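These notes concern the structure reproduced below.
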2 protein chains.
Amino acid sequence: MSPRRPPITTQASTAVFTQVLTQGPVSRVDLARRTGLSSAAITKAARPFLDAGYLEELVAGERTAPGAGRPASPLVVRADREFFVGVKITTEDLIGVVGDLRTQIRTSAHHQLAAGDVEHVVGALAELVRDLLARSPEYRERTHVMGVAVSGDVDRATGMVRYSPFLGWRDVPLADLLAEATGLTVVLENDVKALTVAEQWFGEGVGLSSFALVTVGTGIGCGLVIGGNLVAGAHGVAGELGHLAVAAEPACHCGGAGCVEAIASTDAIVARARLVTGTPSLSMEQAVTGARGGDPLLRGVFDRAGHAIGLGLTAVANLVGPERIVVSGEGLAAYDLFEPQIRETFARQAFGAAAECALIIRPLPFEEWARGAASVAVQSLFSGHDN
Amino acid sequence: MSPRRPPITTQASTAVFTQVLTQGPVSRVDLARRTGLSSAAITKAARPFLDAGYLEELVAGERTAPGAGRPASPLVVRADREFFVGVKITTEDLIGVVGDLRTQIRTSAHHQLAAGDVEHVVGALAELVRDLLARSPEYRERTHVMGVAVSGDVDRATGMVRYSPFLGWRDVPLADLLAEATGLTVVLENDVKALTVAEQWFGEGVGLSSFALVTVGTGIGCGLVIGGNLVAGAHGVAGELGHLAVAAEPACHCGGAGCVEAIASTDAIVARARLVTGTPSLSMEQAVTGARGGDPLLRGVFDRAGHAIGLGLTAVANLVGPERIVVSGEGLAAYDLFEPQIRETFARQAFGAAAECALIIRPLPFEEWARGAASVAVQSLFSGHDN
DNA sequence: ATTCAATTCTTGACGAAGTTAATTTATGTG
DNA sequence: CACATAAATTAACTTCGTCAAGAATTGAAT
């Protein structure tokens with residue numbers, strides 16, 4: 001009987017597997033160069049993964065054969081060797097996906113929440129998972145870990161939701177509850193951090209030792225990777241870009257003033273759009289349409305928001321100096337309205353070489369939050385073997 | 001013949017030596033617990049250091065003997081086993097010190113610079129070093145490494161000053177020039193980062209995996225330690241707290257607007273004090289005296305600066321969530337004028353648990369910059385064996 | 001005093017994981 | 001078809017750690 005989980009034992013085997021997982025097909029010599037190990041060590045480290053079916057060698061036809069010498073047989077991940085569930089919990093609904101080892105989404109599902117209390121959510125989530133896994137015998141047999149993403153202060157180590165303002169939860173042992181309800185191993189993480197992990201392993205952050213992911217929407221958050229590690233914050237708080245003060249006003253719900261979030265969150269934009277147009281019933285969609293149509297007042301609202309976001313990004317660039325910043329989130333569905341002002345502000349305010357930091361601005365694809373949760377589940381395979 | 005340098009070979013020996021160096025006397029059992037190694041490994045790792053005279057066991061009288069069982073023989077560093085030169089270069093002068101392994105300053109010297117060109121500075125610095133080392137045969141015999149701190153963009157790995165605006169230097173291979181002129185191994189580092197290293201190893205940062213050091217003076221800078229490592233910035237820029245935008249104005253020399261430095265640097269404070277009092281000749285000392293005397297206009301200037309610094313600190317706390325922030329610098333000689341406003345702003349704007357981040361506000365002791373440089377020299381003993 | 005318990009430190013056998021160097025394998029080329 | 005070339009594997013060896021047993025050093029109980 002083959003082992004149920006990838007045979008990750010040493011630092012070397014972790015390094016080999018993560019490299020192959022995130023950097024596509026790689027030959028053993030290449031791995032040796034990248035990890036600094038000898039090629040003999042690579043051979044030894046890769047063997048158990050090949051035996052357990054987590055890695056395989058590329059077949060002859062697909063090989064790259066440039067010149068003389070024995071051609072390489074690059075290693076690739078067998079992505080369907082194991083599946084992972086990822087679920088994002090919001091106030092209104094659950095978004096669930098089944099993804100493979102590379103977090104390619106295989107199937108997904110939504111569920112409207114009838115109530116927001118813990119018991120109901122746990123029950124609904126368990127049902128969602130049953131539904132997802134029932135869609136294929138493969139999923140049922142080869143899924144052992146689920147990642148769950150929630151906004152707020154979340155302790156990944158203990159699987160506790162310490163405080164989630166949106167859900168109104170405090171000190172909920174969610175991972176344990178869900179593990180019992182689903183029979184899966186459950187990994188809990190803050191939603192923005194989960195998304196950052198997805199980006200670090202399978203997105204724009206691959207191969208970078210430092211980068212930042214900024215999400216713009218109802219809230220404004222930021223995940224930070226420095227030295228290859230996700231920054232957690234000594235007191236559980238980090239990446240609170242939304243509450244950086246970039247102006248003298250307006251007052252923010254956090255008690256501060258001039259916060260990025262008080263200017264550039266979806267709610268703040270709608271509120272201000274209503275104010276400047278004198279239309280209390282104005283919706284976000286109408287504001288976007290109006291601004292695209294050239295309404296100077298509405299354009300001003302989005303410019304102001306873009307400016308605030310730009311200043312927030314500059315703060316990240318000037319303070320931690322990441323290689324890249326990815327700006328994303330539902331709020332950027334209208335990213336054509338934000339982008340010019342974001343870039344202009346960033347170019348002006350970034351200090352010296354910090355301006356070299358690449359800015360990638362794009363809306364957030366559907367289900368991406370749940371995919372982030374699945375990434376955390378994949379990452380949990382490596383816990384205890386940091387690279 | 002004993003080896004000239006501490007016998008640091010493996011990760012374990014690095015861990016043992018740094019622990020003893022930074023955490024005072026520690027028994028081997030204690031070291032085993034802290035490093036996660038077996039006590040047998042500690043014994044083996046410590047042996048070469050004892051033989052080479054870098055560590056010694058506490059003598060009987062000084063031991064702590066609490067209860068039953070064999071009493072511990074804690075290890076301590078023999079601080080005078082090796083000495084280090086630290087030099088800070090400013091536009092006007094050189095500040096040099098000789099420190100021991102724990103960077104206790106043994107002797108120090110100043111030198112007024114007659115000119116600011118590279119050749120002159122190198123010559124003056126070499127002379128300063130000769131003078132310092134000549135003060136004791138111990139120094140002469142047991143000093144092999146010098147740390148040099150310069151403001152601006154400095155590449156520690158290559159020993160190059162890439163760009164130093166204050167000195168007006170660009171792409172100067174300063175470490176090599178100084179090594180030739182002094183015969184010492186030279187380590188070059190940015191001044192704020194050097195100070196951060198001093199704090200991390202021998203100050204408020206000991207034992208913390210994350211903290212920040214903020215310096216207030218002519219410029220406003222910040223050194224960041226996250227996950228036990230100094231943050232360098234992907235493009236050489238990090239910790240540029242001075243150019244965070246916290247207001248809409250005034251314009252800053254960096255091209256941005258509302259920068260912390262444009263409000264709270266010594267120059268900015270003097271300029272504004274002159275403006276509000278209508279006294280173009282007002283000095284910093286006069287402004288301080290006036291504010292202490294209760295002048296509401298001058299108090300307002302310092303309050304405004306304290307507010308800007310407070311917002312900058314909040315940005316650090318909210319974004320990276322360090323365990324502590326140390327606020328220091330020559331600008332804080334009048335820290336009684338800043339402190340209330342800094343703390344008030346921080347308390348108001350810090351988000352959630354980020355407010356738990358301890359704030360330590362204190363002026364910068366004399367020669368501390370040069371001590372920072374010496375710390376970098378000490379730290380260089382460990383290069384390649386990160387912990 | 002002597003024995004015992006407690007705790008620290010040391011020692012030597014062992015094992016895990018890596019390296020080096022030689023060897024095997026697989027391809028292109030004159 | 002030999003030969004050059006590069007990738008992968010193998011085997012002997014090195015290094016660094018653990019484990020388990022024992023030595024050292026003290027306080028407390030008999």
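We name chains A, B, ... following the order of the structure tokens; residues begin at 1 in each chain, and ligands are numbered from 1 as shown.
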For chain B, which residues have at least one atom within 7 Å of chain D, if we go by only C-alpha atoms (C1' of nucleotides)? Write them as a JSON list (two decimals) with N, CA and C atoms, in the first residue's frame, please.
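Below is the file result.json, written as the result:
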```json
[["chain", "number", "residue", "atom", "x", "y", "z"],
["B", 41, "ALA", "N", 25.19, 17.59, 21.69],
["B", 41, "ALA", "CA", 25.60, 18.43, 20.56],
["B", 41, "ALA", "C", 26.17, 19.75, 21.05],
["B", 67, "GLY", "N", 19.23, 24.47, 43.46],
["B", 67, "GLY", "CA", 18.75, 23.33, 44.24],
["B", 67, "GLY", "C", 19.72, 22.17, 44.22],
["B", 68, "ALA", "N", 19.13, 21.00, 44.16],
["B", 68, "ALA", "CA", 19.95, 19.81, 44.15],
["B", 68, "ALA", "C", 20.53, 19.57, 42.77],
["B", 69, "GLY", "N", 21.36, 18.55, 42.67],
["B", 69, "GLY", "CA", 21.93, 18.19, 41.39],
["B", 69, "GLY", "C", 23.21, 18.93, 41.09],
["B", 70, "ARG", "N", 23.90, 18.44, 40.12],
["B", 70, "ARG", "CA", 25.15, 19.07, 39.74],
["B", 70, "ARG", "C", 24.89, 20.49, 39.28],
["B", 71, "PRO", "N", 25.62, 21.43, 39.83],
["B", 71, "PRO", "CA", 25.39, 22.82, 39.43],
["B", 71, "PRO", "C", 25.86, 23.05, 38.00]]
```
Legend entry - Near-Asp303 in chain B list (8 Å; only C-alpha atoms (C1' of nucleotides); drop same-chain fewer than 3 positions) as a PyMOL selection string: chain B and resi 299-300+306-307+337-338+341
Inset, instruction - Return the neighbours of chain A among the residues of chain C, cut-off 8 Å, counting only C-alpha atoms (C1' of nucleotides), as a list of chain:residue names. - result: C:DG18, C:DT19, C:DT25, C:DA26, C:DT27, C:DG28
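Atom pair CA of Val29 in chain B / CA of Thr43 in chain B has a distance of 9.4 Å (rounded to one decimal).
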Inset, instruction - Skip range 327-331 of chain B itself and residues of its chain fewer than 2 positions away, then list as an MDAnalysis selection string all residues within 8 Å of it, counting only C-alpha atoms (C1' of nucleotides). - result: chainID B and resid 213:218 265:266 325 333:335 359:364
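CA of Thr143 in chain B is found 21.8 Å from CA of Asn190 in chain B.
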Legend entry - 7 Å contacts from chain A to chain B using only C-alpha atoms, as number ranges by chain: A: 231, 233-235, 237-241, 243-248, 254-256, 311, 315, 318-323, 348-349, 351, 353-354
Can you write out the residues you just picked, keeping C-alpha atoms, as a PDB file, in the first residue's frame?
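The new file out01.pdb reads:
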```
ATOM      1  CA  VAL A 231       4.766  37.861   7.584  1.00  0.00           C
ATOM      2  CA  GLY A 233       2.882  39.928  12.788  1.00  0.00           C
ATOM      3  CA  ALA A 234       3.973  39.532  16.386  1.00  0.00           C
ATOM      4  CA  HIS A 235       0.510  40.230  17.725  1.00  0.00           C
ATOM      5  CA  VAL A 237      -1.684  41.822  13.006  1.00  0.00           C
ATOM      6  CA  ALA A 238       0.234  42.489   9.804  1.00  0.00           C
ATOM      7  CA  GLY A 239      -0.558  43.808   6.377  1.00  0.00           C
ATOM      8  CA  GLU A 240      -3.208  46.180   7.659  1.00  0.00           C
ATOM      9  CA  LEU A 241      -2.696  48.468   4.726  1.00  0.00           C
ATOM     10  CA  HIS A 243      -5.609  51.526   8.141  1.00  0.00           C
ATOM     11  CA  LEU A 244      -2.561  53.421   7.111  1.00  0.00           C
ATOM     12  CA  ALA A 245      -3.200  57.131   7.435  1.00  0.00           C
ATOM     13  CA  VAL A 246      -2.625  58.896   4.136  1.00  0.00           C
ATOM     14  CA  ALA A 247      -4.678  62.030   4.722  1.00  0.00           C
ATOM     15  CA  ALA A 248      -6.114  64.118   7.541  1.00  0.00           C
ATOM     16  CA  CYS A 254     -11.310  51.942  13.170  1.00  0.00           C
ATOM     17  CA  GLY A 255     -11.125  55.103  15.230  1.00  0.00           C
ATOM     18  CA  GLY A 256      -8.364  56.659  13.183  1.00  0.00           C
ATOM     19  CA  LEU A 311       0.047  56.052  -1.318  1.00  0.00           C
ATOM     20  CA  ALA A 315       4.275  52.810   1.962  1.00  0.00           C
ATOM     21  CA  ASN A 318       9.367  52.295   0.780  1.00  0.00           C
ATOM     22  CA  LEU A 319       9.177  50.312   3.999  1.00  0.00           C
ATOM     23  CA  VAL A 320       9.789  46.710   3.017  1.00  0.00           C
ATOM     24  CA  GLY A 321      10.974  47.034  -0.585  1.00  0.00           C
ATOM     25  CA  PRO A 322       9.388  43.938  -2.166  1.00  0.00           C
ATOM     26  CA  GLU A 323      10.323  42.783  -5.632  1.00  0.00           C
ATOM     27  CA  ARG A 348       5.791  60.192  -7.674  1.00  0.00           C
ATOM     28  CA  GLN A 349       5.980  59.038  -4.078  1.00  0.00           C
ATOM     29  CA  PHE A 351      11.617  56.737  -2.933  1.00  0.00           C
ATOM     30  CA  ALA A 353      15.061  52.554  -6.250  1.00  0.00           C
ATOM     31  CA  ALA A 354      11.784  51.606  -4.546  1.00  0.00           C
TER      32      ALA A 354
END
```
Inset, instruction - Quick one: pick out all strand (DSSP E) residues within range 69-302 of chain A from a backbone DSSP run and write them as a PyMOL selection string. - result: chain A and resi 75-77+83-89+93-99+105-112+143-150+153-155+160-164+169-172+185-190+211-216+220-226+229-230
Inset, instruction - Would you please give, as a PyMOL selection string, all residues of range 105-291 of chain A that DSSP assigns to alpha helix (DSSP H) based on the backbone? - result: chain A and resi 118-133+137-142+174-182+191-202+261-264+266-277+284-291
Inset, instruction - Work out how far CA of Pro74 in chain B is from CA of Leu55 in chain B, in Å to one decimal. - result: 10.1 Å
Inset, instruction - Find the residues around range 374-383 of chain A up to 10 Å (only C-alpha atoms (C1' of nucleotides) counted), leave out those fewer than 2 positions away in its own chain, and share them as number ranges by chain. - result: A: 5-9, 11, 13-15, 17-18, 82-88, 96-105, 144-149, 156, 185-189, 193-202, 368-372, 385-387
